[in-house]
Amino acid sequence: MKSVTSEKIINAPIEDVFAFATDLENATKNIPSVESLKILTKGGIGKGTRFTQKRTILGTALEQEMEVVEFEPPTNYGAEATAHGCRIAARMKLSEAGDQTRVDAEVVVEPEGFAGKLAAPMILKGAQIAMLEDLETMKGALESA
């Protein structure tokens with residue numbers, strides 16, 4: 001199991017940051033690398049919501065089915081998927097930092113079998129790039145609003 005982490009301070013209230021980060025219905029508008037996102041479950045976004053997402057990372061289009069496994073507004077969000085022989089878990093923890101919000105993000109990649117062991121380093125690198133881009137996009141969007 002390997003992981004990458006990052007943190008970002010965003011000059012916006014914690015509720016606004018959480019709402020932006022979990023706005024699956026507008027992901028294609030909010031996050032440039034997300035080409036499509038389809039919610040597979042009925043009802044609002046929350047724990048158990050499943051969706052398919054297609055995004056381009058490192059020049060490669062990736063499509064995967066994900067499930068929201070943590071949804072505790074306005075502090076915790078997590079989603080998991082299985083792709084290319086790996087279990088991938090992405091989590092964000094938000095905390096107030098005065099008038100700002102601190103976002104601590106982590107992606108964990110756990111290989112499952114030989115194919116996963118081969119794919120894991122590239123998946124981890126792609127996940128790190130996507131995480132950094134997503135955090136920067138979120139910061140830019142919320143601070144310019």
# chains A, B, ... in the order shown; residues from 1 in each chain; ligands from 1

call {"tool": "closest_atom_pairs", "arguments": {"of": "range 61-85 of chain A", "to": "range 90-99 of chain A", "cutoff": "7 Å", "atoms": "only C-alpha atoms", "output": "tab-separated table"}}
result
residue	atom	partner	partner_atom	distance
A:Thr75	CA	A:Leu94	CA	4.6
A:Asn76	CA	A:Lys93	CA	4.8
A:Tyr77	CA	A:Met92	CA	5.3
A:Gly78	CA	A:Arg91	CA	4.1
A:Ala79	CA	A:Ala90	CA	5.4
A:Glu80	CA	A:Ala90	CA	6.3

call {"tool": "write_last_selection", "arguments": {"atoms": "N, CA and C atoms", "output": "PDB file, in the first residue's frame"}}
result
ATOM      1  N   THR A  75     -16.756  18.174   7.026  1.00  0.00           N
ATOM      2  CA  THR A  75     -15.349  17.880   7.331  1.00  0.00           C
ATOM      3  C   THR A  75     -14.733  16.673   6.626  1.00  0.00           C
ATOM      4  N   ASN A  76     -15.512  15.678   6.224  1.00  0.00           N
ATOM      5  CA  ASN A  76     -14.920  14.451   5.686  1.00  0.00           C
ATOM      6  C   ASN A  76     -15.640  13.961   4.436  1.00  0.00           C
ATOM      7  N   TYR A  77     -14.843  13.619   3.423  1.00  0.00           N
ATOM      8  CA  TYR A  77     -15.364  13.052   2.192  1.00  0.00           C
ATOM      9  C   TYR A  77     -14.367  12.015   1.691  1.00  0.00           C
ATOM     10  N   GLY A  78     -14.878  10.882   1.258  1.00  0.00           N
ATOM     11  CA  GLY A  78     -13.999   9.861   0.703  1.00  0.00           C
ATOM     12  C   GLY A  78     -14.717   9.031  -0.336  1.00  0.00           C
ATOM     13  N   ALA A  79     -13.967   8.613  -1.363  1.00  0.00           N
ATOM     14  CA  ALA A  79     -14.510   7.749  -2.407  1.00  0.00           C
ATOM     15  C   ALA A  79     -13.476   6.682  -2.725  1.00  0.00           C
ATOM     16  N   GLU A  80     -13.963   5.518  -3.140  1.00  0.00           N
ATOM     17  CA  GLU A  80     -13.080   4.404  -3.466  1.00  0.00           C
ATOM     18  C   GLU A  80     -13.463   3.792  -4.798  1.00  0.00           C
TER      19      GLU A  80
END

call {"tool": "residues_around", "arguments": {"residues": "Ala115 in chain A", "least_positions_apart": "4", "cutoff": "8 Å", "atoms": "only C-alpha atoms", "output": "short mmCIF file (atom, residue, chain, number, x, y, z; two decimals) with C-alpha atoms, in the first residue's frame"}}
result
data_model
loop_
_atom_site.label_atom_id
_atom_site.label_comp_id
_atom_site.auth_asym_id
_atom_site.auth_seq_id
_atom_site.Cartn_x
_atom_site.Cartn_y
_atom_site.Cartn_z
CA HIS A 84 -6.19 -1.88 -13.15
CA GLY A 85 -5.73 -4.38 -10.33
CA PRO A 111 -2.28 -3.39 -5.42
CA ALA A 119 0.17 -0.71 -12.35
#

call {"tool": "closest_residue", "arguments": {"among": "A:Met138, A:Leu118, A:Ile14, A:Ala145", "to": "Asn30 in chain A", "atoms": "only C-alpha atoms"}}
result
A:Met138

call {"tool": "residues_around", "arguments": {"residues": "Val17 in chain A", "least_positions_apart": "6", "cutoff": "9 Å", "atoms": "only C-alpha atoms", "output": "ChimeraX atom specification"}}
result
/A:10,74,94,101,103,138-139,142

call {"tool": "write_last_selection", "arguments": {"atoms": "C-alpha atoms", "output": "short mmCIF file (atom, residue, chain, number, x, y, z; two decimals), in the first residue's frame"}}
result
data_model
loop_
_atom_site.label_atom_id
_atom_site.label_comp_id
_atom_site.auth_asym_id
_atom_site.auth_seq_id
_atom_site.Cartn_x
_atom_site.Cartn_y
_atom_site.Cartn_z
CA ILE A 10 -8.41 27.98 0.75
CA PRO A 74 -18.50 19.75 6.30
CA LEU A 94 -11.42 19.77 5.98
CA THR A 101 -10.29 26.20 5.26
CA VAL A 103 -7.92 20.73 3.04
CA MET A 138 -10.86 24.29 -6.16
CA LYS A 139 -8.78 27.05 -4.55
CA LEU A 142 -13.62 29.45 -4.55
#

call {"tool": "atom_distance", "arguments": {"atom1": "CA of Ile123 in chain A", "atom2": "CA of Ala105 in chain A"}}
result
16.1 Å

call {"tool": "residues_around", "arguments": {"residues": "Lys2 in chain A", "least_positions_apart": "5", "cutoff": "10 Å", "atoms": "only C-alpha atoms", "output": "ChimeraX atom specification"}}
result
/A:88,107-111,120-121,124

call {"tool": "select_by_dssp", "arguments": {"residues": "range 1-138 of chain A", "states": "helix (DSSP H, G or I)", "output": "JSON, numbers by chain"}}
result
{"A": [14, 15, 16, 17, 18, 19, 20, 21, 24, 25, 26, 27, 28, 29, 30, 114, 115, 116, 117, 118, 119, 120, 121, 122, 123, 124, 125, 126, 127, 128, 129, 130, 131, 132, 133, 134, 135, 136, 137, 138]}

call {"tool": "residues_around", "arguments": {"residues": "Ile57 in chain A", "least_positions_apart": "5", "cutoff": "8 Å", "atoms": "only C-alpha atoms", "output": "list in words"}}
result
Ser33, Leu62, Gly126, Ala127, Ile129 and Ala130 of chain A

call {"tool": "write_last_selection", "arguments": {"atoms": "C-alpha atoms", "output": "compact mmCIF listing (two decimals), in the first residue's frame"}}
result
# COMPACT_ATOMS: atom_id res chain seq x y z
CA SER A 33 -9.74 16.85 -16.20
CA LEU A 62 -9.43 6.59 -17.41
CA GLY A 126 -1.45 9.94 -11.82
CA ALA A 127 -3.46 10.20 -8.60
CA ILE A 129 -1.10 14.85 -10.27
CA ALA A 130 -4.92 14.76 -10.29

call {"tool": "closest_residue", "arguments": {"among": "A:Pro13, A:Gln53, A:Thr82, A:Leu58", "to": "Ile31 in chain A", "atoms": "only C-alpha atoms"}}
result
A:Gln53

call {"tool": "select_by_dssp", "arguments": {"residues": "chain A", "states": "strand (DSSP E or B)", "output": "ChimeraX atom specification"}}
result
/A:2-10,34-39,50-57,60-72,76-83,86-97,100-111

call {"tool": "closest_residue", "arguments": {"among": "A:Asp104, A:Gly43, A:Val34, A:Phe114", "to": "Leu135 in chain A", "atoms": "only C-alpha atoms"}}
result
A:Asp104

call {"tool": "atom_distance", "arguments": {"atom1": "CA of Val69 in chain A", "atom2": "CA of Thr22 in chain A"}}
result
12.3 Å

call {"tool": "closest_residue", "arguments": {"among": "A:Glu143, A:Glu72, A:Asp23, A:Glu67", "to": "Ala89 in chain A", "atoms": "only C-alpha atoms"}}
result
A:Glu67

call {"tool": "decode", "arguments": {"residues": "range 85-117 of chain A", "atoms": "N, CA and C atoms", "output": "mmCIF file, in the first residue's frame"}}
result
data_model
loop_
_atom_site.group_PDB
_atom_site.id
_atom_site.type_symbol
_atom_site.label_atom_id
_atom_site.label_comp_id
_atom_site.auth_asym_id
_atom_site.auth_seq_id
_atom_site.Cartn_x
_atom_site.Cartn_y
_atom_site.Cartn_z
ATOM 1 N N GLY A 85 -6.294 -3.499 -11.340
ATOM 2 C CA GLY A 85 -5.730 -4.380 -10.326
ATOM 3 C C GLY A 85 -5.353 -3.693 -9.029
ATOM 4 N N CYS A 86 -5.900 -2.500 -8.805
ATOM 5 C CA CYS A 86 -5.594 -1.764 -7.568
ATOM 6 C C CYS A 86 -6.871 -1.244 -6.928
ATOM 7 N N ARG A 87 -6.862 -1.204 -5.623
ATOM 8 C CA ARG A 87 -7.913 -0.537 -4.850
ATOM 9 C C ARG A 87 -7.418 0.884 -4.621
ATOM 10 N N ILE A 88 -8.225 1.868 -4.981
ATOM 11 C CA ILE A 88 -7.843 3.279 -4.870
ATOM 12 C C ILE A 88 -8.815 3.972 -3.929
ATOM 13 N N ALA A 89 -8.286 4.635 -2.916
ATOM 14 C CA ALA A 89 -9.108 5.359 -1.955
ATOM 15 C C ALA A 89 -8.642 6.810 -1.911
ATOM 16 N N ALA A 90 -9.567 7.733 -2.134
ATOM 17 C CA ALA A 90 -9.271 9.168 -2.073
ATOM 18 C C ALA A 90 -10.097 9.773 -0.953
ATOM 19 N N ARG A 91 -9.420 10.530 -0.089
ATOM 20 C CA ARG A 91 -10.109 11.134 1.050
ATOM 21 C C ARG A 91 -9.692 12.581 1.229
ATOM 22 N N MET A 92 -10.649 13.378 1.704
ATOM 23 C CA MET A 92 -10.365 14.768 2.059
ATOM 24 C C MET A 92 -10.892 15.031 3.458
ATOM 25 N N LYS A 93 -10.054 15.673 4.235
ATOM 26 C CA LYS A 93 -10.444 16.119 5.572
ATOM 27 C C LYS A 93 -10.330 17.634 5.573
ATOM 28 N N LEU A 94 -11.381 18.312 5.950
ATOM 29 C CA LEU A 94 -11.421 19.765 5.976
ATOM 30 C C LEU A 94 -11.461 20.240 7.414
ATOM 31 N N SER A 95 -10.763 21.332 7.681
ATOM 32 C CA SER A 95 -10.794 21.925 9.021
ATOM 33 C C SER A 95 -10.732 23.441 8.888
ATOM 34 N N GLU A 96 -11.336 24.107 9.840
ATOM 35 C CA GLU A 96 -11.318 25.568 9.835
ATOM 36 C C GLU A 96 -9.954 26.060 10.260
ATOM 37 N N ALA A 97 -9.499 27.096 9.566
ATOM 38 C CA ALA A 97 -8.235 27.750 9.885
ATOM 39 C C ALA A 97 -8.516 29.247 9.890
ATOM 40 N N GLY A 98 -9.151 29.701 10.968
ATOM 41 C CA GLY A 98 -9.600 31.093 11.021
ATOM 42 C C GLY A 98 -10.740 31.272 10.030
ATOM 43 N N ASP A 99 -10.615 32.249 9.131
ATOM 44 C CA ASP A 99 -11.622 32.476 8.088
ATOM 45 C C ASP A 99 -11.372 31.602 6.863
ATOM 46 N N GLN A 100 -10.358 30.790 6.918
ATOM 47 C CA GLN A 100 -9.980 29.947 5.795
ATOM 48 C C GLN A 100 -10.296 28.482 6.103
ATOM 49 N N THR A 101 -10.088 27.636 5.092
ATOM 50 C CA THR A 101 -10.293 26.199 5.259
ATOM 51 C C THR A 101 -9.029 25.469 4.844
ATOM 52 N N ARG A 102 -8.611 24.563 5.692
ATOM 53 C CA ARG A 102 -7.473 23.701 5.366
ATOM 54 C C ARG A 102 -8.026 22.390 4.826
ATOM 55 N N VAL A 103 -7.524 21.992 3.659
ATOM 56 C CA VAL A 103 -7.924 20.734 3.045
ATOM 57 C C VAL A 103 -6.713 19.802 3.067
ATOM 58 N N ASP A 104 -6.863 18.671 3.738
ATOM 59 C CA ASP A 104 -5.839 17.623 3.737
ATOM 60 C C ASP A 104 -6.366 16.489 2.874
ATOM 61 N N ALA A 105 -5.672 16.232 1.784
ATOM 62 C CA ALA A 105 -6.110 15.210 0.830
ATOM 63 C C ALA A 105 -5.115 14.054 0.833
ATOM 64 N N GLU A 106 -5.642 12.855 0.630
ATOM 65 C CA GLU A 106 -4.801 11.666 0.569
ATOM 66 C C GLU A 106 -5.385 10.693 -0.443
ATOM 67 N N VAL A 107 -4.511 10.086 -1.216
ATOM 68 C CA VAL A 107 -4.901 8.993 -2.110
ATOM 69 C C VAL A 107 -4.040 7.792 -1.732
ATOM 70 N N VAL A 108 -4.710 6.676 -1.495
ATOM 71 C CA VAL A 108 -4.037 5.418 -1.153
ATOM 72 C C VAL A 108 -4.277 4.435 -2.284
ATOM 73 N N VAL A 109 -3.207 3.815 -2.751
ATOM 74 C CA VAL A 109 -3.293 2.812 -3.811
ATOM 75 C C VAL A 109 -2.788 1.489 -3.235
ATOM 76 N N GLU A 110 -3.652 0.497 -3.304
ATOM 77 C CA GLU A 110 -3.309 -0.828 -2.771
ATOM 78 C C GLU A 110 -3.405 -1.860 -3.898
ATOM 79 N N PRO A 111 -2.260 -2.396 -4.337
ATOM 80 C CA PRO A 111 -2.280 -3.387 -5.416
ATOM 81 C C PRO A 111 -2.969 -4.676 -4.977
ATOM 82 N N GLU A 112 -3.692 -5.273 -5.924
ATOM 83 C CA GLU A 112 -4.330 -6.565 -5.690
ATOM 84 C C GLU A 112 -3.823 -7.519 -6.765
ATOM 85 N N GLY A 113 -2.810 -8.285 -6.446
ATOM 86 C CA GLY A 113 -2.257 -9.242 -7.396
ATOM 87 C C GLY A 113 -1.114 -8.663 -8.216
ATOM 88 N N PHE A 114 -0.603 -9.501 -9.123
ATOM 89 C CA PHE A 114 0.572 -9.149 -9.905
ATOM 90 C C PHE A 114 0.323 -7.938 -10.804
ATOM 91 N N ALA A 115 -0.807 -7.928 -11.503
ATOM 92 C CA ALA A 115 -1.122 -6.798 -12.398
ATOM 93 C C ALA A 115 -1.181 -5.494 -11.615
ATOM 94 N N GLY A 116 -1.747 -5.543 -10.430
ATOM 95 C CA GLY A 116 -1.832 -4.354 -9.584
ATOM 96 C C GLY A 116 -0.465 -3.849 -9.161
ATOM 97 N N LYS A 117 0.430 -4.784 -8.872
ATOM 98 C CA LYS A 117 1.790 -4.383 -8.479
ATOM 99 C C LYS A 117 2.501 -3.668 -9.624
#
